[in-house]
file entry02.txt (compact mmCIF, C-alpha atoms)
# COMPACT_ATOMS: atom_id res chain seq x y z
CA MET A 1 -36.32 -31.92 -44.17
CA THR A 2 -34.28 -32.03 -40.97
CA ARG A 3 -31.19 -33.03 -42.96
CA HIS A 4 -31.58 -29.91 -45.11
CA ILE A 5 -32.04 -27.74 -42.01
CA GLY A 6 -29.02 -29.31 -40.30
CA ILE A 7 -26.80 -28.68 -43.32
CA LYS A 8 -28.03 -25.33 -44.66
CA HIS A 9 -29.29 -23.58 -41.51
CA ARG A 10 -27.13 -25.02 -38.73
CA LYS A 11 -26.12 -21.56 -37.42
CA LEU A 12 -29.76 -20.69 -36.72
CA LEU A 13 -30.39 -23.74 -34.49
CA LYS A 14 -30.15 -23.74 -30.71
CA ARG A 15 -27.56 -26.00 -29.12
CA PRO A 16 -27.51 -28.97 -28.93
CA VAL A 17 -28.26 -29.08 -32.63
CA LYS A 18 -29.28 -32.76 -32.63
CA ALA A 19 -31.97 -32.11 -30.01
CA SER A 20 -33.30 -29.14 -32.01
CA LEU A 21 -33.38 -31.19 -35.22
CA ASP A 22 -35.16 -34.05 -33.44
CA GLY A 23 -37.79 -31.65 -32.07
CA MET A 24 -38.35 -30.08 -35.48
CA GLY A 25 -38.58 -33.55 -37.04
CA LYS A 26 -41.34 -34.50 -34.60
CA ILE A 27 -43.32 -31.41 -35.56
CA TYR A 28 -42.89 -32.07 -39.29
CA GLY A 29 -43.71 -35.74 -38.83
CA GLY A 30 -46.86 -35.05 -36.83
CA GLU A 31 -48.19 -32.64 -39.44
CA SER A 32 -47.22 -34.78 -42.44
CA ARG A 33 -49.06 -37.79 -40.95
CA ARG A 34 -52.19 -35.64 -41.08
CA SER A 35 -51.32 -34.58 -44.66
CA VAL A 36 -50.84 -30.98 -43.58
CA SER A 37 -48.10 -28.80 -45.04
CA LEU A 38 -46.43 -26.24 -42.78
CA VAL A 39 -45.85 -22.92 -44.51
CA PRO A 40 -44.53 -19.70 -42.96
CA MET A 41 -46.72 -16.61 -43.30
CA THR A 42 -43.87 -14.76 -45.01
CA VAL A 43 -44.18 -17.11 -48.00
CA ILE A 44 -47.90 -16.36 -48.39
CA LYS A 45 -47.34 -12.61 -48.07
CA LYS A 46 -44.58 -12.76 -50.67
CA GLN A 47 -46.74 -14.81 -53.07
CA MET A 48 -49.70 -12.43 -52.73
CA GLY A 49 -47.60 -9.31 -53.21
CA PRO A 50 -49.72 -6.14 -53.32
CA TYR A 51 -52.94 -8.18 -53.02
CA TRP A 52 -52.09 -8.76 -49.34
CA ASP A 53 -53.33 -5.27 -48.46
CA ASP A 54 -56.89 -6.15 -49.49
CA ALA A 55 -58.84 -8.12 -46.85
CA SER A 56 -61.06 -9.81 -49.46
CA PHE A 57 -58.01 -11.28 -51.20
CA ARG A 58 -56.54 -12.35 -47.83
CA ARG A 59 -59.82 -14.09 -47.03
CA ILE A 60 -59.72 -15.97 -50.35
CA ALA A 61 -56.07 -16.94 -49.75
CA PHE A 62 -56.92 -18.14 -46.24
CA LYS A 63 -59.76 -20.33 -47.52
CA LEU A 64 -57.52 -21.74 -50.25
CA CYS A 65 -54.86 -22.57 -47.68
CA VAL A 66 -57.43 -24.38 -45.55
CA MET A 67 -58.73 -26.31 -48.58
CA GLY A 68 -55.16 -27.11 -49.62
CA ARG A 69 -54.42 -28.44 -46.12
CA MET A 70 -51.74 -25.85 -45.52
CA LYS A 71 -51.05 -24.72 -41.95
CA ILE A 72 -49.77 -21.15 -42.08
CA TYR A 73 -47.71 -20.17 -39.04
CA GLY A 74 -45.72 -17.25 -37.75
CA GLY A 75 -48.03 -14.36 -38.53
CA SER A 76 -51.55 -13.03 -38.49
CA TRP A 77 -54.05 -12.98 -41.35
CA ASP A 78 -55.75 -9.91 -39.81
CA LEU A 79 -59.09 -11.61 -40.38
CA PRO A 80 -61.65 -12.36 -37.63
CA GLU A 81 -62.24 -15.95 -38.80
CA ALA A 82 -58.55 -16.84 -39.22
CA PRO A 83 -56.60 -18.03 -36.19
CA SER A 84 -53.09 -16.73 -35.62
CA ILE A 85 -50.75 -19.71 -35.29
CA PRO A 86 -47.40 -19.09 -33.55
CA ASN A 87 -44.19 -20.42 -35.04
CA PRO A 88 -43.93 -24.06 -33.83
CA PHE A 89 -40.17 -24.02 -34.44
CA GLU A 90 -39.49 -20.93 -32.32
CA GLN A 91 -38.14 -22.97 -29.40
CA PHE A 92 -35.51 -24.56 -31.66
CA ILE A 93 -34.28 -21.43 -33.44
CA VAL A 94 -31.82 -18.84 -32.14
CA GLN A 95 -33.66 -15.50 -32.05
CA ASP A 96 -30.69 -13.21 -32.67
CA PRO A 97 -27.95 -15.10 -34.49
CA SER A 98 -24.59 -13.45 -33.99
CA PRO A 99 -23.92 -11.57 -37.18
CA SER A 100 -20.59 -12.01 -38.84
CA LEU A 101 -18.42 -8.94 -39.15
CA PRO A 102 -19.86 -6.66 -41.82
CA ARG A 103 -17.78 -6.33 -44.90
CA THR A 104 -17.11 -2.77 -45.93
CA PRO A 105 -16.52 -2.35 -49.63
CA MET A 106 -13.30 -0.71 -50.70
CA MET A 107 -14.02 2.67 -52.22
CA LYS A 108 -11.78 4.85 -54.27
CA PRO A 109 -11.16 8.27 -52.75
CA VAL A 110 -13.17 11.07 -54.27
CA ARG A 111 -10.94 13.89 -55.45
CA HIS A 112 -13.36 16.45 -56.81
CA MET A 113 -16.54 17.11 -54.93
CA GLU A 114 -19.01 19.74 -55.92
CA VAL A 115 -21.30 21.13 -53.30
CA VAL A 116 -24.77 21.54 -54.69
CA GLU A 117 -27.25 23.46 -52.63
CA PRO A 118 -30.78 22.11 -52.77
CA GLU A 119 -33.32 24.21 -54.54
CA SER A 120 -36.01 25.56 -52.31
CA GLU A 121 -39.44 24.16 -53.00
CA PRO A 122 -42.29 26.60 -53.46
CA GLU A 123 -44.80 26.73 -50.65
CA PRO A 124 -48.07 24.96 -51.42
CA GLU A 125 -50.91 27.34 -52.14
CA ASN A 126 -53.63 25.41 -50.36
CA ILE A 127 -52.25 23.53 -47.36
CA GLU A 128 -55.62 22.01 -46.40
CA ASN A 129 -55.71 19.85 -49.54
CA LYS A 130 -52.05 18.82 -49.24
CA CYS A 131 -52.45 17.14 -45.82
CA GLU A 132 -53.97 13.96 -47.24
CA LEU A 133 -51.69 10.94 -47.22
CA PRO A 134 -50.88 9.59 -50.67
CA ILE A 135 -52.77 6.45 -51.63
CA SER A 136 -50.72 3.46 -52.73
CA PRO A 137 -50.84 3.05 -56.52
CA TYR A 138 -51.80 -0.60 -56.04
CA LYS A 139 -54.76 0.34 -53.86
CA ARG A 140 -55.80 3.08 -56.30
CA VAL A 141 -55.77 0.69 -59.28
CA ARG A 142 -57.53 -2.01 -57.24
CA LYS A 143 -60.25 0.47 -56.21
CA GLN A 144 -60.73 1.61 -59.82
CA LEU A 145 -61.04 -2.00 -60.99
CA VAL A 146 -63.52 -2.91 -58.26
CA ASP A 147 -65.55 0.25 -58.92
CA SER A 148 -65.78 -0.72 -62.59
CA GLY A 149 -66.89 -4.26 -61.67
CA LEU A 150 -63.66 -6.08 -62.49
CA GLN A 151 -61.52 -8.43 -60.40
CA SER A 152 -64.14 -9.84 -58.07
CA GLN A 153 -61.78 -12.80 -57.57
CA LEU A 154 -58.10 -13.61 -57.98
CA PRO A 155 -57.04 -14.10 -61.60
CA SER A 156 -56.44 -17.71 -62.63
CA ASN A 157 -52.75 -17.01 -63.30
CA HIS A 158 -52.17 -15.41 -59.88
CA PRO A 159 -49.15 -17.05 -58.16
CA LEU A 160 -51.23 -18.19 -55.18
CA ILE A 161 -53.84 -19.86 -57.39
CA VAL A 162 -51.07 -21.52 -59.45
CA LEU A 163 -49.40 -22.71 -56.22
CA HIS A 164 -52.62 -24.30 -54.97
CA GLY A 165 -53.30 -25.81 -58.40
CA LYS A 166 -49.91 -27.50 -58.44
CA TYR A 167 -50.40 -28.71 -54.87
CA LEU A 168 -53.83 -30.09 -55.80
CA ASP A 169 -52.40 -31.88 -58.83
CA LEU A 170 -49.67 -33.45 -56.71
CA GLY A 171 -52.07 -34.62 -54.02
CA HIS A 172 -54.91 -35.72 -56.29
CA GLU A 173 -53.62 -37.52 -59.34
CA LYS A 174 -55.90 -38.04 -62.32
CA ASP A 175 -56.50 -41.76 -61.57
CA SER A 176 -57.15 -41.37 -57.83
CA GLN A 177 -60.69 -41.68 -56.52

call {"tool": "encode", "arguments": {"input": "entry02.txt", "output": "structure tokens"}}
result
Amino acid sequence: MTRHIGIKHRKLLKRPVKASLDGMGKIYGGESRRSVSLVPMTVIKKQMGPYWDDASFRRIAFKLCVMGRMKIYGGSWDLPEAPSIPNPFEQFIVQDPSPSLPRTPMMKPVRHMEVVEPESEPEPENIENKCELPISPYKRVRKQLVDSGLQSQLPSNHPLIVLHGKYLDLGHEKDSQ
């Protein structure tokens, strides 16, 4: 793992790079001896997608991560029973890497520009009803499904369930006791 980090992510490491890689290797080694996988919270949020907004789905994901011996770091679950684990690699990573000069794309000059004035929108008739914030379509669909008694658990083909299934298959082969 440290070889990959040293090659692919060298610019993000604090100097001296060798000391940073050694420190990260000790953290990985300590966790792997306990058969624990370190996973950043951003990966879990990305896998869960719109389900992340629902606390019941986050709770299920948290329990699956605990059962799968995954240590999720660098973010909060926003659950009372889930501890927030800081990023163990923070001391080895540069916080604000110096960005390279931004590349500006070459654009052809525009010769004919039409000025279009925006159309005025009609005033709403009843302002009291218009002040409500719009509900996310994901939350609306989720609420409709729950109200109708569906989706009391994650579907079996959900990416997080598939991820844990693959991890379980790798760690617990068919012939193992």

call {"tool": "closest_residue", "arguments": {"input": "entry02.txt", "among": "A:Asp147, A:Ile93, A:Ile72, A:His164", "to": "Pro16 (chain A)", "atoms": "all atoms listed in the file"}}
result
A:Ile93

call {"tool": "closest_residue", "arguments": {"input": "entry02.txt", "among": "A:His9, A:Lys46, A:His4, A:Arg58", "to": "Asp78 (chain A)", "atoms": "all atoms listed in the file"}}
result
A:Arg58

call {"tool": "atom_distance", "arguments": {"input": "entry02.txt", "atom1": "CA of Gln91 (chain A)", "atom2": "CA of Gln47 (chain A)"}}
result
26.5 Å

call {"tool": "residues_around", "arguments": {"input": "entry02.txt", "residues": "Lys71 (chain A)", "least_positions_apart": "5", "cutoff": "10 Å", "atoms": "only C-alpha atoms", "output": "PDB file with C-alpha atoms, in the coordinates of the input"}}
result
ATOM      1  CA  GLU A  31     -48.190 -32.640 -39.440  1.00  0.00           C
ATOM      2  CA  VAL A  36     -50.840 -30.980 -43.580  1.00  0.00           C
ATOM      3  CA  SER A  37     -48.100 -28.800 -45.040  1.00  0.00           C
ATOM      4  CA  LEU A  38     -46.430 -26.240 -42.780  1.00  0.00           C
ATOM      5  CA  VAL A  39     -45.850 -22.920 -44.510  1.00  0.00           C
ATOM      6  CA  PRO A  40     -44.530 -19.700 -42.960  1.00  0.00           C
ATOM      7  CA  MET A  41     -46.720 -16.610 -43.300  1.00  0.00           C
ATOM      8  CA  PHE A  62     -56.920 -18.140 -46.240  1.00  0.00           C
ATOM      9  CA  CYS A  65     -54.860 -22.570 -47.680  1.00  0.00           C
ATOM     10  CA  VAL A  66     -57.430 -24.380 -45.550  1.00  0.00           C
ATOM     11  CA  ILE A  85     -50.750 -19.710 -35.290  1.00  0.00           C
TER      12      ILE A  85
END

call {"tool": "atom_distance", "arguments": {"input": "entry02.txt", "atom1": "CA of Leu79 (chain A)", "atom2": "CA of Arg33 (chain A)"}}
result
28.0 Å

call {"tool": "closest_residue", "arguments": {"input": "entry02.txt", "among": "A:Ile60, A:Met48, A:Val43, A:Val17", "to": "Gln153 (chain A)", "atoms": "only C-alpha atoms"}}
result
A:Ile60

call {"tool": "closest_residue", "arguments": {"input": "entry02.txt", "among": "A:Asp22, A:Ser136, A:Ala82, A:Arg34", "to": "Asp54 (chain A)", "atoms": "all atoms listed in the file"}}
result
A:Ser136

call {"tool": "atom_distance", "arguments": {"input": "entry02.txt", "atom1": "CA of Gly25 (chain A)", "atom2": "CA of Met1 (chain A)"}}
result
7.7 Å

call {"tool": "closest_residue", "arguments": {"input": "entry02.txt", "among": "A:Tyr51, A:Ile44, A:Val146, A:Ser20", "to": "Leu163 (chain A)", "atoms": "all atoms listed in the file"}}
result
A:Ile44

call {"tool": "closest_residue", "arguments": {"input": "entry02.txt", "among": "A:Val141, A:Pro50, A:Gly68, A:Pro88", "to": "Gly165 (chain A)", "atoms": "only C-alpha atoms"}}
result
A:Gly68

call {"tool": "residues_near_point", "arguments": {"input": "entry02.txt", "point": "(-34.4, -19.4, -38.7)", "cutoff": "12 Å", "atoms": "all atoms listed in the file", "output": "PDB file with C-alpha atoms, in the coordinates of the input"}}
result
ATOM      1  CA  ILE A   5     -32.040 -27.740 -42.010  1.00  0.00           C
ATOM      2  CA  GLY A   6     -29.020 -29.310 -40.300  1.00  0.00           C
ATOM      3  CA  LYS A   8     -28.030 -25.330 -44.660  1.00  0.00           C
ATOM      4  CA  HIS A   9     -29.290 -23.580 -41.510  1.00  0.00           C
ATOM      5  CA  ARG A  10     -27.130 -25.020 -38.730  1.00  0.00           C
ATOM      6  CA  LYS A  11     -26.120 -21.560 -37.420  1.00  0.00           C
ATOM      7  CA  LEU A  12     -29.760 -20.690 -36.720  1.00  0.00           C
ATOM      8  CA  LEU A  13     -30.390 -23.740 -34.490  1.00  0.00           C
ATOM      9  CA  LYS A  14     -30.150 -23.740 -30.710  1.00  0.00           C
ATOM     10  CA  SER A  20     -33.300 -29.140 -32.010  1.00  0.00           C
ATOM     11  CA  MET A  24     -38.350 -30.080 -35.480  1.00  0.00           C
ATOM     12  CA  PRO A  40     -44.530 -19.700 -42.960  1.00  0.00           C
ATOM     13  CA  GLY A  74     -45.720 -17.250 -37.750  1.00  0.00           C
ATOM     14  CA  ASN A  87     -44.190 -20.420 -35.040  1.00  0.00           C
ATOM     15  CA  PRO A  88     -43.930 -24.060 -33.830  1.00  0.00           C
ATOM     16  CA  PHE A  89     -40.170 -24.020 -34.440  1.00  0.00           C
ATOM     17  CA  GLU A  90     -39.490 -20.930 -32.320  1.00  0.00           C
ATOM     18  CA  GLN A  91     -38.140 -22.970 -29.400  1.00  0.00           C
ATOM     19  CA  PHE A  92     -35.510 -24.560 -31.660  1.00  0.00           C
ATOM     20  CA  ILE A  93     -34.280 -21.430 -33.440  1.00  0.00           C
ATOM     21  CA  VAL A  94     -31.820 -18.840 -32.140  1.00  0.00           C
ATOM     22  CA  GLN A  95     -33.660 -15.500 -32.050  1.00  0.00           C
ATOM     23  CA  ASP A  96     -30.690 -13.210 -32.670  1.00  0.00           C
ATOM     24  CA  PRO A  97     -27.950 -15.100 -34.490  1.00  0.00           C
TER      25      PRO A  97
END
